[in-house]
$ cat start_9.cif   # mmCIF, C-alpha atoms
data_query
loop_
_atom_site.label_atom_id
_atom_site.label_comp_id
_atom_site.auth_asym_id
_atom_site.auth_seq_id
_atom_site.Cartn_x
_atom_site.Cartn_y
_atom_site.Cartn_z
CA GLU A 1 1.79 19.09 -9.09
CA ALA A 2 -0.63 16.39 -7.95
CA GLN A 3 0.57 15.01 -4.66
CA VAL A 4 -0.11 13.65 -1.21
CA THR A 5 1.85 15.41 1.50
CA GLN A 6 2.51 14.28 5.04
CA ASN A 7 3.91 16.18 8.00
CA PRO A 8 6.12 15.71 9.81
CA ARG A 9 8.35 13.36 7.85
CA TYR A 10 10.24 12.31 10.97
CA LEU A 11 9.11 12.40 14.57
CA ILE A 12 10.60 11.24 17.85
CA THR A 13 8.30 11.39 20.85
CA VAL A 14 7.78 9.82 24.27
CA THR A 15 5.16 7.40 25.49
CA GLY A 16 1.84 9.05 26.24
CA LYS A 17 2.43 12.38 24.51
CA LYS A 18 -0.40 13.01 22.06
CA LEU A 19 0.60 13.63 18.48
CA THR A 20 -0.99 14.26 15.11
CA VAL A 21 0.37 13.36 11.70
CA THR A 22 -1.20 15.43 8.96
CA CYS A 23 -2.06 14.24 5.47
CA SER A 24 -3.23 16.45 2.66
CA GLN A 25 -4.00 15.82 -1.01
CA ASN A 26 -4.55 18.33 -3.80
CA MET A 27 -6.32 16.01 -6.25
CA ASN A 28 -9.88 16.40 -4.92
CA HIS A 29 -9.88 12.70 -4.06
CA GLU A 30 -12.80 11.20 -2.16
CA TYR A 31 -11.00 8.21 -0.66
CA MET A 32 -8.12 8.48 1.80
CA SER A 33 -6.40 5.88 3.90
CA TRP A 34 -3.67 5.42 6.50
CA TYR A 35 -1.22 2.51 6.59
CA ARG A 36 1.66 1.50 8.77
CA GLN A 37 4.65 -0.35 7.40
CA ASP A 38 6.69 -2.66 9.61
CA PRO A 39 9.59 -4.91 8.56
CA GLY A 40 8.40 -8.37 7.57
CA LEU A 41 4.74 -7.37 7.85
CA GLY A 42 4.29 -5.16 4.82
CA LEU A 43 1.63 -2.47 4.98
CA ARG A 44 -1.37 -2.75 7.23
CA GLN A 45 -4.38 -0.52 6.89
CA ILE A 46 -5.25 1.55 9.97
CA TYR A 47 -8.29 3.61 8.93
CA TYR A 48 -9.87 4.76 5.71
CA SER A 49 -12.35 7.41 4.68
CA MET A 50 -14.75 7.23 1.76
CA ASN A 51 -15.63 10.93 1.96
CA VAL A 52 -16.01 13.86 4.35
CA GLU A 53 -17.28 12.70 7.75
CA VAL A 54 -17.23 9.03 6.63
CA THR A 55 -14.50 6.89 8.15
CA ASP A 56 -14.08 3.21 8.98
CA LYS A 57 -11.60 0.88 10.60
CA GLY A 58 -8.96 -1.00 8.71
CA ASP A 59 -7.07 -4.00 9.97
CA VAL A 60 -5.14 -2.36 12.85
CA PRO A 61 -7.11 0.61 14.22
CA GLU A 62 -6.31 0.16 17.92
CA GLY A 63 -4.56 3.17 19.43
CA TYR A 64 -5.35 5.50 16.52
CA LYS A 65 -8.02 8.05 15.69
CA VAL A 66 -8.82 9.86 12.47
CA SER A 67 -11.11 12.62 11.32
CA ARG A 68 -12.22 13.86 7.91
CA LYS A 69 -13.66 17.32 8.26
CA GLU A 70 -12.45 18.52 4.87
CA LYS A 71 -12.03 16.59 1.67
CA ARG A 72 -8.34 17.35 1.28
CA ASN A 73 -7.17 16.51 4.85
CA PHE A 74 -7.10 13.26 6.78
CA PRO A 75 -5.05 13.57 10.00
CA LEU A 76 -3.94 10.56 12.03
CA ILE A 77 -4.07 11.06 15.78
CA LEU A 78 -2.24 9.05 18.39
CA GLU A 79 -3.84 10.03 21.70
CA SER A 80 -1.35 8.15 23.88
CA PRO A 81 1.47 6.73 21.77
CA SER A 82 3.24 3.59 22.88
CA PRO A 83 6.54 2.06 21.69
CA ASN A 84 4.67 -0.57 19.62
CA GLN A 85 3.41 2.28 17.44
CA THR A 86 6.95 2.97 16.29
CA SER A 87 6.61 2.52 12.56
CA LEU A 88 6.63 4.08 9.10
CA TYR A 89 3.25 5.59 8.29
CA PHE A 90 1.83 6.22 4.84
CA CYS A 91 -1.20 8.18 3.78
CA ALA A 92 -2.84 7.42 0.44
CA SER A 93 -5.71 8.81 -1.60
CA SER A 94 -7.74 7.80 -4.63
CA SER A 95 -10.47 9.35 -6.70
CA GLY A 96 -12.99 6.93 -5.28
CA THR A 97 -15.05 4.13 -6.67
CA SER A 98 -15.74 3.45 -10.27
CA GLY A 99 -17.62 0.34 -11.24
CA GLY A 100 -17.39 -1.02 -7.71
CA TYR A 101 -13.68 -0.78 -7.00
CA GLN A 102 -11.25 1.79 -5.70
CA GLU A 103 -9.30 3.69 -8.27
CA THR A 104 -5.51 3.82 -8.09
CA GLN A 105 -4.17 4.89 -4.72
CA TYR A 106 -1.50 7.59 -4.60
CA PHE A 107 0.83 7.42 -1.64
CA GLY A 108 2.51 10.13 0.37
CA PRO A 109 6.25 10.04 1.14
CA GLY A 110 5.81 8.52 4.60
CA THR A 111 6.28 9.61 8.22
CA ARG A 112 8.82 7.77 10.31
CA LEU A 113 7.73 7.72 13.97
CA LEU A 114 9.81 6.63 16.95
CA VAL A 115 8.07 6.36 20.32
CA LEU A 116 10.45 6.11 23.27
CA ALA B 4 -10.30 -11.04 6.22
CA GLN B 5 -7.87 -11.65 3.42
CA SER B 6 -4.27 -12.62 3.90
CA VAL B 7 -1.60 -12.15 1.27
CA THR B 8 1.53 -14.27 1.13
CA GLN B 9 4.73 -13.28 -0.60
CA LEU B 10 6.95 -16.26 0.07
CA ASP B 11 10.19 -14.71 -1.13
CA SER B 12 11.40 -11.91 1.10
CA GLN B 13 14.42 -11.29 -1.13
CA VAL B 14 15.13 -12.15 -4.76
CA PRO B 15 18.62 -11.55 -6.16
CA VAL B 16 18.89 -11.61 -9.94
CA PHE B 17 21.39 -10.55 -12.56
CA GLU B 18 20.66 -7.72 -14.93
CA GLU B 19 18.84 -8.79 -18.11
CA ALA B 20 17.67 -12.04 -16.52
CA PRO B 21 13.95 -12.83 -16.16
CA VAL B 22 12.29 -12.63 -12.78
CA GLU B 23 9.09 -13.84 -11.14
CA LEU B 24 7.83 -12.53 -7.81
CA ARG B 25 5.22 -14.75 -6.24
CA CYS B 26 1.97 -13.71 -4.56
CA ASN B 27 -0.80 -15.88 -3.16
CA TYR B 28 -3.93 -14.69 -1.42
CA SER B 29 -6.21 -16.55 0.95
CA SER B 30 -9.76 -16.22 -0.18
CA SER B 31 -11.44 -17.60 -3.23
CA VAL B 32 -14.10 -14.89 -3.27
CA SER B 33 -13.93 -12.35 -6.03
CA VAL B 34 -11.01 -10.04 -5.52
CA TYR B 35 -9.19 -7.09 -6.97
CA LEU B 36 -5.42 -7.57 -7.16
CA PHE B 37 -2.58 -5.07 -7.26
CA TRP B 38 1.19 -4.88 -7.42
CA TYR B 39 2.94 -1.83 -6.00
CA VAL B 40 6.63 -0.89 -6.10
CA GLN B 41 8.51 1.03 -3.44
CA TYR B 42 11.86 2.58 -4.32
CA PRO B 43 14.20 3.38 -1.42
CA ASN B 44 12.89 6.13 0.85
CA GLN B 45 9.79 6.70 -1.24
CA GLY B 46 6.09 5.94 -1.07
CA LEU B 47 4.43 3.21 -3.09
CA GLN B 48 3.54 3.43 -6.78
CA LEU B 49 1.07 1.26 -8.63
CA LEU B 50 2.65 -1.14 -11.14
CA LEU B 51 -0.47 -2.88 -12.33
CA LYS B 52 -3.88 -4.11 -11.26
CA TYR B 53 -6.35 -6.85 -12.08
CA LEU B 54 -10.01 -5.91 -11.84
CA SER B 55 -11.69 -8.27 -14.30
CA GLY B 56 -11.37 -9.64 -17.81
CA SER B 57 -8.13 -10.97 -19.23
CA THR B 58 -6.08 -12.82 -16.65
CA LEU B 59 -2.81 -11.45 -18.04
CA VAL B 60 -2.30 -7.87 -16.98
CA LYS B 61 0.39 -5.58 -18.29
CA GLY B 62 1.76 -2.73 -16.24
CA ILE B 63 4.39 -0.07 -16.32
CA ASN B 64 8.12 -0.59 -16.82
CA GLY B 65 7.62 -3.87 -18.72
CA PHE B 66 6.06 -5.79 -15.82
CA GLU B 67 3.13 -8.15 -16.21
CA ALA B 68 1.16 -10.40 -13.89
CA GLU B 69 -1.13 -13.35 -14.32
CA PHE B 70 -4.24 -13.94 -12.26
CA ASN B 71 -4.88 -17.61 -11.51
CA LYS B 72 -8.17 -18.06 -9.72
CA SER B 73 -7.82 -21.78 -9.06
CA GLN B 74 -4.42 -21.31 -7.43
CA THR B 75 -5.37 -17.96 -5.83
CA SER B 76 -2.17 -16.49 -7.20
CA PHE B 77 -1.10 -13.28 -8.89
CA HIS B 78 2.57 -13.64 -9.76
CA LEU B 79 4.55 -10.71 -11.16
CA ARG B 80 6.99 -11.23 -14.01
CA LYS B 81 9.47 -9.33 -16.10
CA PRO B 82 11.36 -10.97 -18.98
CA SER B 83 14.51 -8.87 -18.58
CA VAL B 84 15.27 -6.79 -15.49
CA HIS B 85 17.32 -3.63 -15.24
CA ILE B 86 19.39 -2.26 -12.38
CA SER B 87 16.72 0.42 -11.92
CA ASP B 88 14.17 -2.28 -11.03
CA THR B 89 15.91 -2.74 -7.68
CA ALA B 90 13.14 -1.99 -5.21
CA GLU B 91 10.65 -3.61 -2.88
CA TYR B 92 7.49 -5.03 -4.44
CA PHE B 93 4.19 -5.46 -2.65
CA CYS B 94 1.18 -7.50 -3.67
CA ALA B 95 -2.19 -6.21 -2.42
CA VAL B 96 -5.75 -7.48 -2.45
CA SER B 97 -9.16 -6.02 -1.84
CA ASP B 98 -12.23 -8.14 -2.06
CA ARG B 99 -15.39 -7.16 -3.81
CA GLY B 100 -17.36 -7.44 -0.60
CA ASN B 101 -15.55 -4.41 0.75
CA PHE B 102 -13.35 -2.79 -1.83
CA ASN B 103 -12.36 0.00 0.56
CA LYS B 104 -10.20 -2.35 2.62
CA PHE B 105 -6.78 -3.36 1.37
CA TYR B 106 -4.49 -6.19 2.46
CA PHE B 107 -0.81 -6.12 1.58
CA GLY B 108 1.78 -8.85 1.50
CA SER B 109 5.01 -8.57 3.45
CA GLY B 110 6.96 -7.49 0.39
CA THR B 111 9.73 -8.90 -1.81
CA LYS B 112 13.01 -7.06 -2.17
CA LEU B 113 14.30 -7.39 -5.71
CA ASN B 114 18.04 -6.86 -5.93
CA VAL B 115 19.29 -6.60 -9.50
CA LYS B 116 23.04 -7.16 -9.79
CA PRO B 117 25.20 -6.04 -12.73
#

$ encode --input "start_9.cif" --output "C-alpha cells"
Amino acid sequence: EAQVTQNPRYLITVTGKKLTVTCSQNMNHEYMSWYRQDPGLGLRQIYYSMNVEVTDKGDVPEGYKVSRKEKRNFPLILESPSPNQTSLYFCASSSGTSGGYQETQYFGPGTRLLVL
Amino acid sequence: AQSVTQLDSQVPVFEEAPVELRCNYSSSVSVYLFWYVQYPNQGLQLLLKYLSGSTLVKGINGFEAEFNKSQTSFHLRKPSVHISDTAEYFCAVSDRGNFNKFYFGSGTKLNVKP
C-alpha cells in the first residue's frame, strides 16, 4: 500500500531534550515536506526537500533541522525543543515537478508533540 | 510570501443544502491553487487543484472550485452536502516563482447537520 508513515504518532518530552520525528514514504517520491498545524493558523511549512541532499527552508524553519540522505526518509530534528514547538506535525511527499508545479502531495497521519 | 485567508472558521449547514467555503490569497502573481480536506484524526487529502486552463475545477466527492484572478479568490462549492462531508477544509497556494513552497489558510470546519 502506498503510504507516508510517521513515527512516533504521539510524543511528550521536556524542554531541551533532543528528539527526532521520522518520516518515510514507499512511493519513490522526490519531493518531501514537513508542516506544523496549530489551531487557527492552519498548516505552515517548516522545511522541504526536492531530492536527496537538497533541502530548503519553508515559512517557519527556526528551531528545526532536517536531512535527506535517502530518497524514502526525511526526518525532522528538534535539537532543543521548546514549549512553543508543541504542535501537530505532518510529513508529505509528492512525485516531484511536472510542467513546473508540484504533483499532488500525500500526507502522513501526523505526529502530536507536547513539549513541557 | 503569499498569505491565504479563509474568512469562515466554521460553517454549519444542513444535509442536502449547498455550501460555499471561501478562500482568498494575497498575491496577484501566477499561482497554483489547492483545496485539501482533513477528516478527524487523519492527514490531509487533495480535493482538487487549479494549475491552468479552465477556471472551474472539479474535484472528488462532488466538490468544485472557481478560480477568479481579478478577485484573487478560489472558493469551494458543493451543490448538496452529505453528513460524510463533515471535516476541515484547507485552501493552499504555491506561486509559480517557487512552486516548492506552500501556504495554507487557517481552515474552515464544515459541520453538516441532519

$ resolve_selection --input "start_9.cif" --expression "the PyMOL selection byres ((chain B and resi 72) around 12)" --output "number ranges by chain"
B: 27-36, 53, 55, 57-59, 69-71, 73-78

$ residues_around --input "start_9.cif" --residues "B:Val7" --least-positions-apart "4" --cutoff "8 Å" --atoms "all atoms listed in the file" --output "list of chain:residue names"
B:Cys26, B:Asn27, B:Tyr28, B:Ser29, B:Cys94, B:Ala95, B:Val96, B:Tyr106, B:Phe107, B:Gly108, B:Ser109

$ resolve_selection --input "start_9.cif" --expression "the PyMOL selection byres ((chain B) within 8 of (chain A))" --output "PyMOL selection string"
chain B and resi 12+35+44-49+54+93+99+102-110

$ residues_around --input "start_9.cif" --residues "B:Phe66" --least-positions-apart "5" --cutoff "9 Å" --atoms "all atoms listed in the file" --output "list in words"
Leu50, Leu51, Val60, Lys61, Leu79, Arg80, Lys81 and Pro82 of chain B

$ write_last_selection --input "start_9.cif" --atoms "C-alpha atoms" --output "compact mmCIF listing (two decimals), in the coordinates of the input"
# COMPACT_ATOMS: atom_id res chain seq x y z
CA LEU B 50 2.65 -1.14 -11.14
CA LEU B 51 -0.47 -2.88 -12.33
CA VAL B 60 -2.30 -7.87 -16.98
CA LYS B 61 0.39 -5.58 -18.29
CA LEU B 79 4.55 -10.71 -11.16
CA ARG B 80 6.99 -11.23 -14.01
CA LYS B 81 9.47 -9.33 -16.10
CA PRO B 82 11.36 -10.97 -18.98

$ atom_distance --input "start_9.cif" --atom1 "atom CA of B:Asp88" --atom2 "atom CA of A:Ser95"
27.6 Å

$ residues_near_point --input "start_9.cif" --point "(18.9, -10.7, -8.1)" --cutoff "7 Å" --atoms "only C-alpha atoms" --output "VMD selection string"
chain B and resid 14 to 17 113 to 116

$ atom_distance --input "start_9.cif" --atom1 "atom CA of B:Gln41" --atom2 "atom CA of B:Glu19"
20.5 Å

$ resolve_selection --input "start_9.cif" --expression "the PyMOL selection byres ((chain A and resi 76) around 10)" --output "JSON, numbers by chain"
{"A": [19, 20, 21, 22, 23, 33, 34, 46, 47, 64, 65, 66, 67, 68, 73, 74, 75, 77, 78, 79, 89, 91]}

$ write_last_selection --input "start_9.cif" --atoms "C-alpha atoms" --output "mmCIF file, keeping the file's coordinate frame"
data_model
loop_
_atom_site.group_PDB
_atom_site.id
_atom_site.type_symbol
_atom_site.label_atom_id
_atom_site.label_comp_id
_atom_site.auth_asym_id
_atom_site.auth_seq_id
_atom_site.Cartn_x
_atom_site.Cartn_y
_atom_site.Cartn_z
ATOM 1 C CA LEU A 19 0.600 13.630 18.480
ATOM 2 C CA THR A 20 -0.990 14.260 15.110
ATOM 3 C CA VAL A 21 0.370 13.360 11.700
ATOM 4 C CA THR A 22 -1.200 15.430 8.960
ATOM 5 C CA CYS A 23 -2.060 14.240 5.470
ATOM 6 C CA SER A 33 -6.400 5.880 3.900
ATOM 7 C CA TRP A 34 -3.670 5.420 6.500
ATOM 8 C CA ILE A 46 -5.250 1.550 9.970
ATOM 9 C CA TYR A 47 -8.290 3.610 8.930
ATOM 10 C CA TYR A 64 -5.350 5.500 16.520
ATOM 11 C CA LYS A 65 -8.020 8.050 15.690
ATOM 12 C CA VAL A 66 -8.820 9.860 12.470
ATOM 13 C CA SER A 67 -11.110 12.620 11.320
ATOM 14 C CA ARG A 68 -12.220 13.860 7.910
ATOM 15 C CA ASN A 73 -7.170 16.510 4.850
ATOM 16 C CA PHE A 74 -7.100 13.260 6.780
ATOM 17 C CA PRO A 75 -5.050 13.570 10.000
ATOM 18 C CA ILE A 77 -4.070 11.060 15.780
ATOM 19 C CA LEU A 78 -2.240 9.050 18.390
ATOM 20 C CA GLU A 79 -3.840 10.030 21.700
ATOM 21 C CA TYR A 89 3.250 5.590 8.290
ATOM 22 C CA CYS A 91 -1.200 8.180 3.780
#

$ atom_distance --input "start_9.cif" --atom1 "atom CA of B:Gly62" --atom2 "atom CA of A:Ser24"
27.4 Å

$ closest_residue --input "start_9.cif" --among "A:Gln85, A:Ser80, A:Val115, A:Glu70" --to "A:Asn28" --atoms "all atoms listed in the file"
A:Glu70

$ closest_residue --input "start_9.cif" --among "B:Gly56, B:Gly65, B:Gly100, B:Pro21" --to "B:Ser83" --atoms "only C-alpha atoms"
B:Pro21

$ closest_residue --input "start_9.cif" --among "A:Thr15, A:Leu113, A:Val54, A:Glu1" --to "A:Ser82" --atoms "only C-alpha atoms"
A:Thr15

$ residues_around --input "start_9.cif" --residues "B:Thr111" --least-positions-apart "4" --cutoff "6 Å" --atoms "all atoms listed in the file" --output "list of chain:residue names"
B:Asp11, B:Ser12, B:Gln13, B:Glu91, B:Tyr92

$ closest_residue --input "start_9.cif" --among "B:Ala90, B:Ala68, B:Val84, B:Val40" --to "B:Glu18" --atoms "only C-alpha atoms"
B:Val84
